Amino acid sequence: MRMRKKKNLLPRMERCGAYQIKDPYERKGRWHDLMPEAKEIRVELGCGKGRFTAETAAAEPDVLMIAVEKVPDAMVVAMERAQAAGLHNVFFVDGDAACLPEFFAPGEVSEIWITFPDPQMKKVRKRLTSTTFLNLYRKVLKPGGMVRLKTDSPFLYTYTHLLTALNNLPTEVDTDDLYHSGMADDILQIRTYYEQQWLARGLTIKYIAFPLP
């Protein structure tokens with residue numbers, strides 16, 4: 001769904017500007033400076049309005065969350081949500097997933113979360129679980145770092161499932177119906193606004209998680 005342009009975007013961005021990292025290229029290798037006590041750094045790609053981002057950060061205050069979103073009109077809502085919750089372990093980058101190796105040093109990231117991305121049915125190279133992007137993730141993840149995809153798209157889930165099988169990537173979790181899988185992980189139970197709408201229409205949520213060597 002296309003985000004409506006906000007006329008008051010700039011003043012809203014300024015009011016929660018403490019949550020935005022304006023120099024991600026200069027942060028490369030130094031993200032832990034933002035939170036030296038953090039046990040790990042996790043990156044979320046395409047955070048949208050940030051409900052998953054904020055609730056995850058609140059649930060795991062010892063983890064430093066970096067959310068990358070290329071639509072400022074969505075990101076400002078996520079930043080306001082983090083500010084309203086008084087969170088200190090989450091920051092936002094206005095950028096593209098393709099730039100991750102320019103933002104993060106090798107091994108600096110423990111996990112990459114991909115939450116409800118565009119499945120890019122006609123553009124393989126733009127799919128966030130394509131071989132192209134998996135090779136980018138390898139450049140920033142620690143050895144064995146996790147990639148986690150949560151999606152409502154049967155197409156993207158099946159594509160990712162087959163890709164892991166063809167590349168002999170062991171999956172930690174692989175389910176086409178997350179909320180009937182018996183998984184009790186609190187983080188996985190966080191539901192976004194649109195996710196709740198999809199569930200109300202009878203759609204299932206798919207989830208697959210796998211380490212990258």
# chains A, B, ... in the order shown; residues from 1 in each chain; ligands from 1
$ residues_around --residues "Asp96 (chain A)" --least-positions-apart "4" --cutoff "9 Å" --atoms "only C-alpha atoms" --output "JSON, numbers by chain"
{"A": [45, 46, 68, 69, 70, 100]}
$ select_by_dssp --residues "region 40-140 of chain A" --states "alpha helix (DSSP H)" --output "JSON, numbers by chain"
{"A": [51, 52, 53, 54, 55, 56, 57, 58, 59, 72, 73, 74, 75, 76, 77, 78, 79, 80, 81, 82, 83, 84, 100, 101, 102, 103, 131, 132, 133, 134, 135, 136, 137, 138]}
$ select_by_dssp --residues "region 70-196 of chain A" --states "strand (DSSP E)" --output "number ranges by chain"
A: 90-94, 109-115, 141-151, 173-175
$ residues_around --residues "region 13-27 of chain A" --least-positions-apart "4" --cutoff "8 Å" --atoms "only C-alpha atoms" --output "list in words"
Leu9, Trp31, Val76, Met79, Glu80, Ala82, Gln83, Val90, Phe91, Phe92, Val93, Asp94, Glu102, Phe103 and Phe104 of chain A
$ closest_atom_pairs --of "region 107-144 of chain A" --to "region 163-180 of chain A" --cutoff "10 Å" --atoms "only C-alpha atoms" --output "Markdown table"
| residue | atom | partner | partner_atom | distance |
| --- | --- | --- | --- | --- |
| A:Thr129 | CA | A:Leu163 | CA | 8.4 |
| A:Ser130 | CA | A:Leu163 | CA | 7.9 |
| A:Thr131 | CA | A:Leu163 | CA | 8.1 |
$ write_last_selection --atoms "N, CA, C and O atoms" --output "CSV table (one decimal), in the first residue's frame"
chain,number,residue,atom,x,y,z
A,129,THR,N,15.1,-11.5,-0.2
A,129,THR,CA,15.7,-12.8,0.1
A,129,THR,C,16.3,-13.4,-1.1
A,129,THR,O,16.6,-14.6,-1.1
A,130,SER,N,16.6,-12.6,-2.2
A,130,SER,CA,17.2,-13.1,-3.4
A,130,SER,C,18.7,-13.4,-3.1
A,130,SER,O,19.2,-12.9,-2.1
A,131,THR,N,19.3,-14.1,-4.0
A,131,THR,CA,20.7,-14.4,-3.8
A,131,THR,C,21.5,-13.1,-3.8
A,131,THR,O,22.5,-13.0,-3.0
$ residues_around --residues "Gly144 (chain A)" --least-positions-apart "6" --cutoff "7 Å" --atoms "only C-alpha atoms" --output "MDAnalysis selection string"
chainID A and resid 211:213
$ closest_residue --among "A:Asn89, A:Thr56, A:Leu203, A:Glu111" --to "Asp185 (chain A)" --atoms "only C-alpha atoms"
A:Thr56
$ residues_around --residues "Tyr194 (chain A)" --least-positions-apart "6" --cutoff "12 Å" --atoms "only C-alpha atoms" --output "JSON, numbers by chain"
{"A": [1, 48, 49, 50, 51, 52, 115, 116, 151, 152, 200, 201, 203, 205]}
$ atom_distance --atom1 "CA of Thr158 (chain A)" --atom2 "CA of Val109 (chain A)"
25.9 Å
$ closest_residue --among "A:Ala84, A:Arg148, A:Lys142, A:Gln196" --to "Phe210 (chain A)" --atoms "only C-alpha atoms"
A:Arg148
$ closest_residue --among "A:Leu10, A:Ala105, A:Ala58, A:Val43" --to "Asp73 (chain A)" --atoms "only C-alpha atoms"
A:Leu10
$ decode --residues "region 19-51 of chain A" --atoms "N, CA and C atoms" --output "PDB file, in the first residue's frame"
ATOM      1  N   TYR A  19      16.134  10.164  17.157  1.00  0.00           N
ATOM      2  CA  TYR A  19      16.050   8.743  16.810  1.00  0.00           C
ATOM      3  C   TYR A  19      16.559   8.445  15.403  1.00  0.00           C
ATOM      4  N   GLN A  20      16.874   9.481  14.647  1.00  0.00           N
ATOM      5  CA  GLN A  20      17.334   9.260  13.279  1.00  0.00           C
ATOM      6  C   GLN A  20      18.850   9.365  13.188  1.00  0.00           C
ATOM      7  N   ILE A  21      19.454   8.390  12.524  1.00  0.00           N
ATOM      8  CA  ILE A  21      20.889   8.418  12.265  1.00  0.00           C
ATOM      9  C   ILE A  21      21.090   9.047  10.897  1.00  0.00           C
ATOM     10  N   LYS A  22      21.606  10.244  10.890  1.00  0.00           N
ATOM     11  CA  LYS A  22      21.743  10.982   9.635  1.00  0.00           C
ATOM     12  C   LYS A  22      23.071  10.695   8.931  1.00  0.00           C
ATOM     13  N   ASP A  23      23.989  10.019   9.633  1.00  0.00           N
ATOM     14  CA  ASP A  23      25.307   9.742   9.059  1.00  0.00           C
ATOM     15  C   ASP A  23      25.615   8.243   9.113  1.00  0.00           C
ATOM     16  N   PRO A  24      24.768   7.375   8.551  1.00  0.00           N
ATOM     17  CA  PRO A  24      24.989   5.930   8.679  1.00  0.00           C
ATOM     18  C   PRO A  24      26.318   5.464   8.091  1.00  0.00           C
ATOM     19  N   TYR A  25      26.808   6.157   7.063  1.00  0.00           N
ATOM     20  CA  TYR A  25      28.088   5.768   6.472  1.00  0.00           C
ATOM     21  C   TYR A  25      29.232   5.990   7.460  1.00  0.00           C
ATOM     22  N   GLU A  26      29.139   7.050   8.249  1.00  0.00           N
ATOM     23  CA  GLU A  26      30.185   7.338   9.229  1.00  0.00           C
ATOM     24  C   GLU A  26      30.084   6.436  10.450  1.00  0.00           C
ATOM     25  N   ARG A  27      28.943   5.776  10.630  1.00  0.00           N
ATOM     26  CA  ARG A  27      28.734   4.887  11.772  1.00  0.00           C
ATOM     27  C   ARG A  27      29.339   3.504  11.558  1.00  0.00           C
ATOM     28  N   LYS A  28      29.728   3.202  10.345  1.00  0.00           N
ATOM     29  CA  LYS A  28      30.222   1.869  10.010  1.00  0.00           C
ATOM     30  C   LYS A  28      31.319   1.438  10.976  1.00  0.00           C
ATOM     31  N   GLY A  29      31.099   0.306  11.650  1.00  0.00           N
ATOM     32  CA  GLY A  29      32.064  -0.214  12.615  1.00  0.00           C
ATOM     33  C   GLY A  29      31.953   0.414  13.992  1.00  0.00           C
ATOM     34  N   ARG A  30      31.059   1.387  14.168  1.00  0.00           N
ATOM     35  CA  ARG A  30      30.958   2.106  15.444  1.00  0.00           C
ATOM     36  C   ARG A  30      29.535   2.157  15.986  1.00  0.00           C
ATOM     37  N   TRP A  31      28.677   1.265  15.528  1.00  0.00           N
ATOM     38  CA  TRP A  31      27.287   1.303  15.982  1.00  0.00           C
ATOM     39  C   TRP A  31      27.156   1.022  17.471  1.00  0.00           C
ATOM     40  N   HIS A  32      28.044   0.221  17.997  1.00  0.00           N
ATOM     41  CA  HIS A  32      27.975  -0.088  19.434  1.00  0.00           C
ATOM     42  C   HIS A  32      28.203   1.155  20.296  1.00  0.00           C
ATOM     43  N   ASP A  33      28.799   2.203  19.725  1.00  0.00           N
ATOM     44  CA  ASP A  33      28.985   3.445  20.484  1.00  0.00           C
ATOM     45  C   ASP A  33      27.644   4.034  20.921  1.00  0.00           C
ATOM     46  N   LEU A  34      26.592   3.735  20.170  1.00  0.00           N
ATOM     47  CA  LEU A  34      25.268   4.245  20.528  1.00  0.00           C
ATOM     48  C   LEU A  34      24.729   3.587  21.792  1.00  0.00           C
ATOM     49  N   MET A  35      25.205   2.366  22.068  1.00  0.00           N
ATOM     50  CA  MET A  35      24.732   1.605  23.213  1.00  0.00           C
ATOM     51  C   MET A  35      25.787   0.564  23.564  1.00  0.00           C
ATOM     52  N   PRO A  36      26.845   0.973  24.268  1.00  0.00           N
ATOM     53  CA  PRO A  36      27.964   0.072  24.543  1.00  0.00           C
ATOM     54  C   PRO A  36      27.567  -1.202  25.274  1.00  0.00           C
ATOM     55  N   GLU A  37      26.499  -1.153  26.052  1.00  0.00           N
ATOM     56  CA  GLU A  37      26.091  -2.334  26.824  1.00  0.00           C
ATOM     57  C   GLU A  37      25.238  -3.304  26.020  1.00  0.00           C
ATOM     58  N   ALA A  38      24.919  -2.993  24.781  1.00  0.00           N
ATOM     59  CA  ALA A  38      24.063  -3.863  23.967  1.00  0.00           C
ATOM     60  C   ALA A  38      24.734  -5.214  23.742  1.00  0.00           C
ATOM     61  N   LYS A  39      23.963  -6.272  23.892  1.00  0.00           N
ATOM     62  CA  LYS A  39      24.526  -7.618  23.699  1.00  0.00           C
ATOM     63  C   LYS A  39      24.667  -7.954  22.216  1.00  0.00           C
ATOM     64  N   GLU A  40      23.892  -7.284  21.373  1.00  0.00           N
ATOM     65  CA  GLU A  40      23.992  -7.518  19.934  1.00  0.00           C
ATOM     66  C   GLU A  40      23.274  -6.408  19.179  1.00  0.00           C
ATOM     67  N   ILE A  41      23.527  -6.379  17.871  1.00  0.00           N
ATOM     68  CA  ILE A  41      22.871  -5.419  16.986  1.00  0.00           C
ATOM     69  C   ILE A  41      21.984  -6.191  16.018  1.00  0.00           C
ATOM     70  N   ARG A  42      20.738  -5.764  15.925  1.00  0.00           N
ATOM     71  CA  ARG A  42      19.817  -6.339  14.956  1.00  0.00           C
ATOM     72  C   ARG A  42      19.362  -5.256  13.994  1.00  0.00           C
ATOM     73  N   VAL A  43      19.189  -5.633  12.753  1.00  0.00           N
ATOM     74  CA  VAL A  43      18.738  -4.709  11.722  1.00  0.00           C
ATOM     75  C   VAL A  43      17.377  -5.166  11.215  1.00  0.00           C
ATOM     76  N   GLU A  44      16.447  -4.229  11.118  1.00  0.00           N
ATOM     77  CA  GLU A  44      15.154  -4.512  10.505  1.00  0.00           C
ATOM     78  C   GLU A  44      15.066  -3.742   9.192  1.00  0.00           C
ATOM     79  N   LEU A  45      14.700  -4.438   8.136  1.00  0.00           N
ATOM     80  CA  LEU A  45      14.585  -3.819   6.821  1.00  0.00           C
ATOM     81  C   LEU A  45      13.118  -3.519   6.522  1.00  0.00           C
ATOM     82  N   GLY A  46      12.844  -2.276   6.153  1.00  0.00           N
ATOM     83  CA  GLY A  46      11.478  -1.891   5.822  1.00  0.00           C
ATOM     84  C   GLY A  46      10.567  -1.906   7.032  1.00  0.00           C
ATOM     85  N   CYS A  47      10.881  -1.066   8.009  1.00  0.00           N
ATOM     86  CA  CYS A  47      10.141  -1.093   9.278  1.00  0.00           C
ATOM     87  C   CYS A  47       8.743  -0.502   9.171  1.00  0.00           C
ATOM     88  N   GLY A  48       8.452   0.234   8.083  1.00  0.00           N
ATOM     89  CA  GLY A  48       7.130   0.833   7.943  1.00  0.00           C
ATOM     90  C   GLY A  48       6.820   1.778   9.085  1.00  0.00           C
ATOM     91  N   LYS A  49       5.632   1.651   9.670  1.00  0.00           N
ATOM     92  CA  LYS A  49       5.215   2.527  10.754  1.00  0.00           C
ATOM     93  C   LYS A  49       5.754   2.099  12.111  1.00  0.00           C
ATOM     94  N   GLY A  50       6.510   1.010  12.145  1.00  0.00           N
ATOM     95  CA  GLY A  50       7.337   0.712  13.304  1.00  0.00           C
ATOM     96  C   GLY A  50       6.707   0.029  14.500  1.00  0.00           C
ATOM     97  N   ARG A  51       5.536  -0.554  14.355  1.00  0.00           N
ATOM     98  CA  ARG A  51       4.968  -1.239  15.519  1.00  0.00           C
ATOM     99  C   ARG A  51       5.832  -2.429  15.929  1.00  0.00           C
TER     100      ARG A  51
END
